[in-house]
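Asks: Following this message is one structure expressed as structure tokens.
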Amino acid sequence: GGGAASSKVTRGGGVTASEFTEVRTAGDGSGTTSDLVIDAEALRRNEAVSFDGDSLTDVENLALLVEGDEVIAGSTLGELGDAVLFVNSDLYITGSRSIADLELPSVISGLDDALFTLRGYPESNRQKLLLITISRFIERTAWIAGDGTLRSSFQRLSRLDDEVGTREVYERVADGGVETHLYGVPDDVPSGIDATVHGGYTPDYTDSWFVVYRPPDGPRPVGPEAGADIKRGLEGGVALLAVESEPRVWRGLWSFEPDRVRAIHRYIEQNL
């Protein structure tokens, strides 16, 4: 069967998730296992969720935003990947597109200010691409602002160099005038970057994923009428906080709401 990342949120509307899913079992006796899988044919028959795959294996590249049994939105991992590539190449390297060109995939914009759970079906690491896309969006916001504060966790500080393009992103953000703080287990403390490094071994370091941009004057209310999400982040601040509650299952939120941005930033500043 195929797989997809599912995000459970507190929202309303959408189509019935059970139309697209079924439980399949494998093995026998004590070795029997059950997986929730996505029915690609059912997805293709329903226009409420964007899915253009031509084979059953293509459904592994779909992320669904789900509340209870309601599908709110769907985005392909290709769309999420394009958003990440936009930040890594077109913005930081070529500068070939403007601020307004990036539209966040619907499965991410639909998560704004909602508590969510990210889980792979079957269990996988693919759901992390949603967290990576949101992280890149916040890093991009800080880089464009050129001031304020950015605080980011890596679980392990060696990931700054392990993940393609990450060091370059943070070098550009820090060199651009943003007060930059990096957090994680100090397995390989980064050098040669104008950032403050915070190392530790508590669950706040090992199990959390956060990226928080705080404008120089602090978070403030900026409504959707401000226009693009990037403008809301520039003017009011934006934060992502997720905790790995069990292997490859993340629970958290991302938000422009000033009280949430302020509370997350203050906790990190005072406790890590």
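Just so we're on the same page: first chain in the structure tokens is A, next is B, and so on; residues restart at 1 for each chain, and ligands are numbered from 1 in the order they show up.
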Using only C-alpha atoms, which residues sit within 6 Å of Glu244 of chain A once same-chain residues fewer than 3 positions away are excluded, as a PyMOL selection string?
Replies: chain A and resi 207+249-250
Asks: Would you output that residue set with C-alpha atoms, as an mmCIF file, in the first residue's frame?
Replies:
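result_27.cif, written as the output of this step:
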```cif
data_model
loop_
_atom_site.group_PDB
_atom_site.id
_atom_site.type_symbol
_atom_site.label_atom_id
_atom_site.label_comp_id
_atom_site.auth_asym_id
_atom_site.auth_seq_id
_atom_site.Cartn_x
_atom_site.Cartn_y
_atom_site.Cartn_z
ATOM 1 C CA ASP A 207 12.939 16.099 21.240
ATOM 2 C CA VAL A 249 5.380 11.377 15.351
ATOM 3 C CA TRP A 250 5.424 15.142 15.821
#
```
Asks: Leaving out Gly199 of chain A and any residue of its chain fewer than 4 positions from it, which residues lie within 7 Å of it when counting only C-alpha atoms, given as number ranges by chain?
Replies: A: 183-186
Asks: Excluding Arg262 of chain A and any residue of its chain fewer than 5 positions from it, enumerate the residues within 8 Å of it, using only C-alpha atoms, and give them as a list in words.
Replies: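 Skipping anything fewer than 5 positions along the chain leaves Arg214, Gly218 and Pro219 of chain A.
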Asks: Include all heavy atoms and write out the residues we just selected as a PDB file, in the first residue's frame.
Replies:
```
ATOM      1  N   ARG A 214      11.509  36.651  15.782  1.00  0.00           N
ATOM      2  CA  ARG A 214      10.956  37.753  16.566  1.00  0.00           C
ATOM      3  C   ARG A 214      11.444  39.063  15.970  1.00  0.00           C
ATOM      4  O   ARG A 214      12.648  39.315  15.918  1.00  0.00           O
ATOM      5  CB  ARG A 214      11.406  37.653  18.031  1.00  0.00           C
ATOM      6  CG  ARG A 214      10.862  38.754  18.934  1.00  0.00           C
ATOM      7  CD  ARG A 214      11.500  38.668  20.323  1.00  0.00           C
ATOM      8  NE  ARG A 214      10.933  39.631  21.246  1.00  0.00           N
ATOM      9  CZ  ARG A 214      11.294  40.903  21.336  1.00  0.00           C
ATOM     10  NH1 ARG A 214      12.241  41.366  20.511  1.00  0.00           N
ATOM     11  NH2 ARG A 214      10.733  41.714  22.203  1.00  0.00           N
ATOM     12  N   GLY A 218       9.414  43.253  18.738  1.00  0.00           N
ATOM     13  CA  GLY A 218       8.598  42.231  19.368  1.00  0.00           C
ATOM     14  C   GLY A 218       7.390  41.852  18.525  1.00  0.00           C
ATOM     15  O   GLY A 218       6.999  42.579  17.603  1.00  0.00           O
ATOM     16  N   PRO A 219       6.774  40.687  18.810  1.00  0.00           N
ATOM     17  CA  PRO A 219       5.583  40.248  18.071  1.00  0.00           C
ATOM     18  C   PRO A 219       4.423  41.216  18.271  1.00  0.00           C
ATOM     19  O   PRO A 219       4.247  41.788  19.338  1.00  0.00           O
ATOM     20  CB  PRO A 219       5.266  38.888  18.711  1.00  0.00           C
ATOM     21  CG  PRO A 219       6.520  38.471  19.395  1.00  0.00           C
ATOM     22  CD  PRO A 219       7.183  39.729  19.838  1.00  0.00           C
TER      23      PRO A 219
END
```
Asks: Could you check the closest approach to Ile144 of chain A for each of A:Glu246, A:Asp187, A:Glu168, A:Glu235 and tell me which residue wins, using only C-alpha atoms?
Replies: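 The answer is A:Glu235, which sits nearest to Ile144 of chain A.
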Asks: As an MDAnalysis selection string, please: the residues near Ala145 of chain A (cut-off 12 Å, only C-alpha atoms, same-chain neighbours under 2 positions excluded).
Replies: chainID A and resid 99 138:143 147:150 172:174 176:179 213:216 230:237
Asks: What is the distance between atom CA of Val238 of chain A and atom CA of Ser153 of chain A, in Å to one decimal?
Replies: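 Spanning atom CA of Val238 of chain A to atom CA of Ser153 of chain A is a straight-line distance of 15.0 Å.
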Asks: Enter the distance from atom CA of Asp204 of chain A to atom CA of Val243 of chain A, in Å, rounded to one decimal.
Replies: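 Between these atoms lies a distance of 8.5 Å.
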Asks: Fewer than 4 positions away in the same chain doesn't count, so skip those; otherwise give me all residues within 6 Å of segment 254-261 of chain A, counting only C-alpha atoms, as an mmCIF file with C-alpha atoms, in the first residue's frame.
Replies:
```
data_model
loop_
_atom_site.group_PDB
_atom_site.id
_atom_site.type_symbol
_atom_site.label_atom_id
_atom_site.label_comp_id
_atom_site.auth_asym_id
_atom_site.auth_seq_id
_atom_site.Cartn_x
_atom_site.Cartn_y
_atom_site.Cartn_z
ATOM 1 C CA ASP A 112 -1.709 28.069 10.732
ATOM 2 C CA ASP A 113 -2.655 28.514 14.423
ATOM 3 C CA PRO A 219 5.583 40.248 18.071
ATOM 4 C CA ARG A 220 2.468 42.261 17.326
ATOM 5 C CA PRO A 221 -0.947 41.607 15.761
ATOM 6 C CA VAL A 238 6.178 33.830 13.308
ATOM 7 C CA ALA A 239 6.998 30.636 15.207
ATOM 8 C CA LEU A 240 7.046 26.869 14.755
#
```
